[in-house]
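Q: The structure under discussion is supplied below as structure tokens; questions concerning it will follow.
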Amino acid sequence: MTYLKLYNGVQIPQLGFGVYQIPEYEQAKQAVLAAFRTGYRLIDTAQAYGNERAVGDALRESGLPREEVFLTSKVWLSDFSYDGAIRATKETLSRLGVDYVDMMLLHQPMGDYINAWKGLEEMYRAGKIRAIGMANCYPLVLADLCETFAIKPMVNQVEMHPFFQQTLNLQTMQHYGVIPQAWAPFNEGKRNLFGDPTLTEIGRKYGKSAAQVALRWNLQRGVVVIPKTVHEDRMKQNIDVFDFSLSEEDMAKIAAMDIGHSEIVDHFDPKWIAMLHTISV
Ligand SMILES: NC(=O)c1ccc[n+]([C@@H]2O[C@H](COP(=O)([O-])OP(=O)(O)OC[C@H]3O[C@@H](n4cnc5c(N)ncnc54)[C@H](OP(=O)(O)O)[C@@H]3O)[C@@H](O)[C@H]2O)c1
């Protein structure tokens, strides 16, 4: 495992385990327990995923010391106000059953995220959160809030995979010292990523799968990845990416796969934004 250092000195594992779309308690708990057995030490949950309790219970059942695990959660839009972010963070601590959370993100740069951020800053200063960050910021928004917030985000968690590379966003994060974290590092399997001919061909040279090449490519760009799977064999495969390196030629071939936009969400579609505002947790 490699680690990256956030600008406040906190170390973050460069590969973690995402638990989106595992809402059922027992399945989520078993998946996190299997991830711990496999060697994962970063769990990415959110209030909107409905499985913080399962994550916390898995941590206790695993017997791992609290300080060995990096726990991330996210405040949802319906709690975006100063008081709301503080209350939501306290609720996350209670559901996870921990005294502090390693990282808390604001799930979307929408609604009253300015005051919600002030609430996160307050909890950060109180030692309840070790790192604070944003999710889903495109370059314009990220630059604006880095210029606005008293404490700028330590991480920006966005969709990033070979089909949607977000090069300008990555450059903006590098400029502001914000660590990039990739959600959907497999494009949720869309565009047949797991059978993609370019990734498969590159992987053949190293005895690796297309999935492993996709993860390795992001690691070599300085990105933290949080792949999700409920299958233990895939968990093992997805973490087995630290014993090979892609060449410059491989990286250039993958760079050419970019289609330049998301096929999972559309943050530029007003209907999508309106829909997000209807979700309450
Ligand atoms: N901040 C945000 O707005 C946001 C949005 C989306 C996601 N996220 C975070 O990012 C994490 C990852 O993103 P994601 O879950 O959307 O998508 P993803 O990790 O790109 O893809 C997950 C899909 O890939 C399959 N899979 C995983 N490993 C595989 C392998 N080695 N071979 C074949 N199939 C494999 C999984 O199936 P099985 O489970 O059946 O194996 C699942 O269907 C989430 O869990 C969540 O923590 C954050």
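Letters A, B, ... mark the chains of the structure tokens in the order given; residue numbers begin at 1 per chain; ligand numbers begin at 1, in order shown.
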Around ligand 1, which protein and nucleic acid residues have at least one atom no more than 8 Å from it, if we count only C-alpha atoms and all ligand atoms? List them as JSON, numbers by chain.

A: {"A": [17, 18, 19, 20, 21, 43, 44, 45, 46, 74, 107, 108, 135, 136, 157, 158, 159, 161, 182, 183, 184, 185, 186, 187, 188, 189, 194, 209, 211, 212, 225, 226, 227, 228, 229, 230, 231, 233, 234, 235, 237, 238]}

Q: I'd like the neighbourhood of Glu91 in chain A as a PDB file with C-alpha atoms, in the first residue's frame, where a residue qualifies if any of its atoms comes within 10 Å (using only C-alpha atoms), though same-chain residues fewer than 4 positions away should be ignored.

A:
ATOM      1  CA  GLN A  47     -24.892   9.310   5.050  1.00  0.00           C
ATOM      2  CA  GLU A  52     -22.630   3.763   8.288  1.00  0.00           C
ATOM      3  CA  VAL A  75     -22.788  14.948   4.632  1.00  0.00           C
ATOM      4  CA  ALA A  85     -23.382  19.942   9.035  1.00  0.00           C
ATOM      5  CA  ILE A  86     -22.458  19.873  12.731  1.00  0.00           C
ATOM      6  CA  ARG A  87     -25.536  17.816  13.633  1.00  0.00           C
ATOM      7  CA  ARG A  95     -23.821   5.577  13.727  1.00  0.00           C
ATOM      8  CA  LEU A  96     -20.179   4.592  13.181  1.00  0.00           C
ATOM      9  CA  GLY A  97     -19.715   4.345  16.953  1.00  0.00           C
TER      10      GLY A  97
END

Q: Report the distance between CA of Arg37 in chain A and CA of Glu68 in chain A in Å, rounded to one decimal place.

A: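 Rounded to one decimal, the two atoms are 13.1 Å apart.
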
Q: Please measure the separation of CA of Gln30 in chain A and CA of Met104 in chain A, giving the value in Å to one decimal.

A: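 Taking CA of Gln30 in chain A and CA of Met104 in chain A, their separation equals 23.3 Å.
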
Q: Can you measure CA of Ala31 in chain A to CA of Ser94 in chain A for me? One decimal in Å is fine.

A: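 Separating CA of Ala31 in chain A from CA of Ser94 in chain A is a distance of 20.9 Å.
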
Q: Please identify all polymer residues within 6 Å of Leu105 in chain A, counting only C-alpha atoms, omitting same-chain residues fewer than 3 positions from it, and present them as a PyMOL selection string.

A: chain A and resi 74+132-134

Q: Mind writing the picked residues with N, CA and C atoms as an mmCIF file, in the first residue's frame?

A:
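For reference, part05.cif as written:
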data_model
loop_
_atom_site.group_PDB
_atom_site.id
_atom_site.type_symbol
_atom_site.label_atom_id
_atom_site.label_comp_id
_atom_site.auth_asym_id
_atom_site.auth_seq_id
_atom_site.Cartn_x
_atom_site.Cartn_y
_atom_site.Cartn_z
ATOM 1 N N LYS A 74 -19.756 11.232 4.344
ATOM 2 C CA LYS A 74 -20.126 12.456 3.618
ATOM 3 C C LYS A 74 -21.464 12.986 4.128
ATOM 4 N N ILE A 132 -11.010 17.409 6.102
ATOM 5 C CA ILE A 132 -12.293 17.786 5.500
ATOM 6 C C ILE A 132 -12.102 18.006 4.004
ATOM 7 N N GLY A 133 -13.119 17.631 3.246
ATOM 8 C CA GLY A 133 -12.990 17.760 1.800
ATOM 9 C C GLY A 133 -14.331 17.895 1.118
ATOM 10 N N MET A 134 -14.268 17.961 -0.192
ATOM 11 C CA MET A 134 -15.456 18.117 -1.030
ATOM 12 C C MET A 134 -15.571 16.907 -1.950
#

Q: Compare A:Met154, A:Met257, A:Val69, A:Ala58 by their minimum atom-to-atom distance to Pro197 in chain A, counting only C-alpha atoms, and give me the closest one.

A: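 When distances to Pro197 in chain A are compared using only C-alpha atoms, the smallest one comes from A:Met257.
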
Q: May I have the residues within 10 Å of range 163-165 of chain A as an NGL selection string, using only C-alpha atoms and disregarding those fewer than 2 positions away in the same chain?

A: :A and (159-161 or 167-170 or 182 or 185-187 or 190-191 or 193 or 214 or 218 or 254-263)

Q: Restricted to N, CA and C atoms, what would the selected residues look like written as a compact mmCIF listing (two decimals), in the first residue's frame?

A:
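So out.txt came out as:
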# COMPACT_ATOMS: atom_id res chain seq x y z
N GLU A 159 -15.61 11.62 -9.98
CA GLU A 159 -15.55 10.50 -10.91
C GLU A 159 -14.27 10.62 -11.74
N MET A 160 -13.49 9.56 -11.78
CA MET A 160 -12.23 9.58 -12.55
C MET A 160 -11.87 8.17 -12.96
N HIS A 161 -11.82 7.91 -14.24
CA HIS A 161 -11.43 6.60 -14.77
C HIS A 161 -10.96 6.82 -16.20
N THR A 167 -8.68 15.86 -16.69
CA THR A 167 -7.31 16.38 -16.65
C THR A 167 -7.23 17.79 -16.07
N LEU A 168 -8.15 18.68 -16.48
CA LEU A 168 -8.12 20.05 -15.96
C LEU A 168 -8.42 20.06 -14.45
N ASN A 169 -9.35 19.19 -14.06
CA ASN A 169 -9.69 19.10 -12.63
C ASN A 169 -8.47 18.63 -11.84
N LEU A 170 -7.78 17.64 -12.38
CA LEU A 170 -6.57 17.12 -11.72
C LEU A 170 -5.52 18.24 -11.59
N ALA A 182 -10.66 9.23 -6.62
CA ALA A 182 -11.50 8.80 -7.75
C ALA A 182 -12.66 7.94 -7.29
N PRO A 185 -13.87 4.24 -10.07
CA PRO A 185 -12.63 4.07 -10.83
C PRO A 185 -12.76 3.05 -11.97
N PHE A 186 -13.87 2.26 -11.94
CA PHE A 186 -14.14 1.32 -13.05
C PHE A 186 -15.27 1.80 -13.95
N ASN A 187 -15.66 3.07 -13.82
CA ASN A 187 -16.81 3.57 -14.59
C ASN A 187 -18.04 2.70 -14.33
N LYS A 190 -19.29 0.42 -16.95
CA LYS A 190 -19.84 0.89 -18.22
C LYS A 190 -18.76 0.89 -19.32
N ARG A 191 -19.21 0.91 -20.58
CA ARG A 191 -18.31 0.84 -21.75
C ARG A 191 -17.44 -0.41 -21.68
N LEU A 193 -15.63 -1.69 -19.42
CA LEU A 193 -14.26 -1.42 -18.94
C LEU A 193 -13.50 -2.71 -18.60
N ALA A 214 -6.66 -0.23 -14.85
CA ALA A 214 -7.39 1.03 -14.63
C ALA A 214 -7.03 1.65 -13.28
N ASN A 218 -4.62 5.31 -12.39
CA ASN A 218 -4.98 6.43 -11.50
C ASN A 218 -3.95 6.59 -10.38
N ILE A 254 -3.64 4.93 -22.58
CA ILE A 254 -4.85 5.10 -21.76
C ILE A 254 -5.35 6.55 -21.86
N ALA A 255 -4.40 7.50 -21.94
CA ALA A 255 -4.80 8.92 -22.08
C ALA A 255 -5.71 9.11 -23.30
N ALA A 256 -5.50 8.30 -24.32
CA ALA A 256 -6.28 8.44 -25.56
C ALA A 256 -7.69 7.86 -25.43
N MET A 257 -8.00 7.21 -24.31
CA MET A 257 -9.34 6.60 -24.13
C MET A 257 -10.39 7.60 -23.64
N ASP A 258 -9.96 8.79 -23.23
CA ASP A 258 -10.85 9.78 -22.59
C ASP A 258 -11.99 10.20 -23.53
N ILE A 259 -13.24 10.09 -23.06
CA ILE A 259 -14.35 10.62 -23.87
C ILE A 259 -14.76 12.01 -23.37
N GLY A 260 -14.17 12.44 -22.24
CA GLY A 260 -14.33 13.83 -21.81
C GLY A 260 -15.58 14.16 -21.04
N HIS A 261 -16.42 13.18 -20.78
CA HIS A 261 -17.63 13.47 -19.97
C HIS A 261 -18.08 12.21 -19.26
N SER A 262 -18.95 12.42 -18.27
CA SER A 262 -19.48 11.30 -17.49
C SER A 262 -20.63 10.63 -18.23
N GLU A 263 -20.75 9.33 -18.04
CA GLU A 263 -21.94 8.62 -18.52
C GLU A 263 -22.72 8.05 -17.32

Q: Could the residues of range 131-227 of chain A that have an atom at most 9 Å from range 243-252 of chain A be listed as a tab-separated table, each with its closest atom pair and the distance in Å to one decimal, counting only C-alpha atoms and ordered by chain and ascending residue number?

A:
residue	atom	partner	partner_atom	distance
A:Leu199	CA	A:Asp250	CA	8.9
A:Ile202	CA	A:Asp250	CA	6.6
A:Tyr206	CA	A:Phe244	CA	7.0
A:Lys208	CA	A:Phe244	CA	8.9
A:Val213	CA	A:Leu246	CA	7.9
A:Arg216	CA	A:Leu246	CA	7.3
A:Trp217	CA	A:Met251	CA	6.8
A:Gln220	CA	A:Leu246	CA	8.0

Q: Save out the residues we just selected, N, CA and C atoms, as a CSV table (one decimal), in the first residue's frame.

A:
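To be explicit, this is the file written out as part.csv:
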chain,number,residue,atom,x,y,z
A,199,LEU,N,-7.1,-1.8,-22.3
A,199,LEU,CA,-6.6,-2.1,-20.9
A,199,LEU,C,-6.2,-3.6,-20.8
A,202,ILE,N,-2.7,-4.1,-22.4
A,202,ILE,CA,-1.7,-3.6,-21.6
A,202,ILE,C,-1.5,-4.5,-20.4
A,206,TYR,N,1.8,-7.6,-18.0
A,206,TYR,CA,2.2,-7.6,-16.6
A,206,TYR,C,1.4,-8.8,-15.8
A,208,LYS,N,-1.8,-8.8,-15.5
A,208,LYS,CA,-2.8,-8.1,-14.7
A,208,LYS,C,-4.1,-8.0,-15.6
A,213,VAL,N,-5.3,-2.6,-14.3
A,213,VAL,CA,-4.6,-1.6,-15.1
A,213,VAL,C,-5.3,-0.2,-14.9
A,216,ARG,N,-4.2,1.1,-11.5
A,216,ARG,CA,-2.8,1.4,-11.5
A,216,ARG,C,-2.6,2.8,-12.2
A,217,TRP,N,-3.3,3.0,-13.3
A,217,TRP,CA,-3.2,4.2,-14.1
A,217,TRP,C,-3.6,5.4,-13.2
A,220,GLN,N,-0.8,6.0,-10.5
A,220,GLN,CA,0.4,6.7,-11.1
A,220,GLN,C,0.1,8.1,-11.4

Q: Return the single residue from A:Leu64, A:Leu77, A:Val32, A:Leu6 that is closest to Gly111 in chain A, with distances computed using only C-alpha atoms.

A: A:Leu77

Q: Can you tell me, as an MDAnalysis selection string, what residues are no more than 12 Å from Arg130 in chain A when counting only C-alpha atoms, ignoring any on the same chain fewer than 5 positions away?

A: chainID A and resid 6:12 67 70:73 99:105 120:125 153:155

Q: Selected residues, C-alpha atoms, written as a CSV table (one decimal), in the first residue's frame, please.

A:
chain,number,residue,atom,x,y,z
A,6,LEU,CA,-2.8,15.7,2.8
A,7,TYR,CA,-1.7,19.3,3.2
A,8,ASN,CA,-2.4,19.1,7.0
A,9,GLY,CA,0.0,16.2,7.3
A,10,VAL,CA,-2.6,13.4,7.6
A,11,GLN,CA,-1.7,10.3,5.7
A,12,ILE,CA,-4.3,8.7,3.5
A,67,GLU,CA,-6.2,4.2,14.4
A,70,PHE,CA,-9.2,5.5,7.7
A,71,LEU,CA,-13.0,6.1,7.8
A,72,THR,CA,-14.6,8.6,5.4
A,73,SER,CA,-18.2,9.7,5.3
A,99,ASP,CA,-15.0,9.3,18.6
A,100,TYR,CA,-13.7,10.9,15.4
A,101,VAL,CA,-14.0,10.3,11.7
A,102,ASP,CA,-10.8,10.5,9.5
A,103,MET,CA,-12.5,12.4,6.7
A,104,MET,CA,-15.8,14.1,6.2
A,105,LEU,CA,-16.8,15.4,2.8
A,120,LEU,CA,-17.3,21.0,9.0
A,121,GLU,CA,-14.5,23.5,9.8
A,122,GLU,CA,-15.9,23.8,13.3
A,123,MET,CA,-15.9,20.0,13.8
A,124,TYR,CA,-12.4,19.8,12.3
A,125,ARG,CA,-11.1,22.4,14.8
A,153,PRO,CA,-10.5,21.2,1.0
A,154,MET,CA,-7.9,18.6,1.6
A,155,VAL,CA,-9.5,16.2,-0.9

Q: Residues of range 136-256 of chain A classed as strand (DSSP E) by DSSP on the backbone are to be reported as a list of chain:residue names.

A: A:Val155, A:Asn156, A:Gln157, A:Val158, A:Glu159, A:Ile179, A:Pro180, A:Gln181, A:Ala182, A:Trp183, A:Val224, A:Val225

Q: When distances are computed from only C-alpha atoms, which of A:Ala274, A:Ile179, A:Ala88, A:Val223 shows the smallest separation from Leu15 in chain A?

A: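 Among the listed residues, A:Val223 lies closest to Leu15 in chain A.
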
Q: Where does DSSP see alpha helix (DSSP H) in range 115-238 of chain A, if you list the residues as a PyMOL selection string?

A: chain A and resi 115-125+139-148+167-176+197-206+210-220+232-238
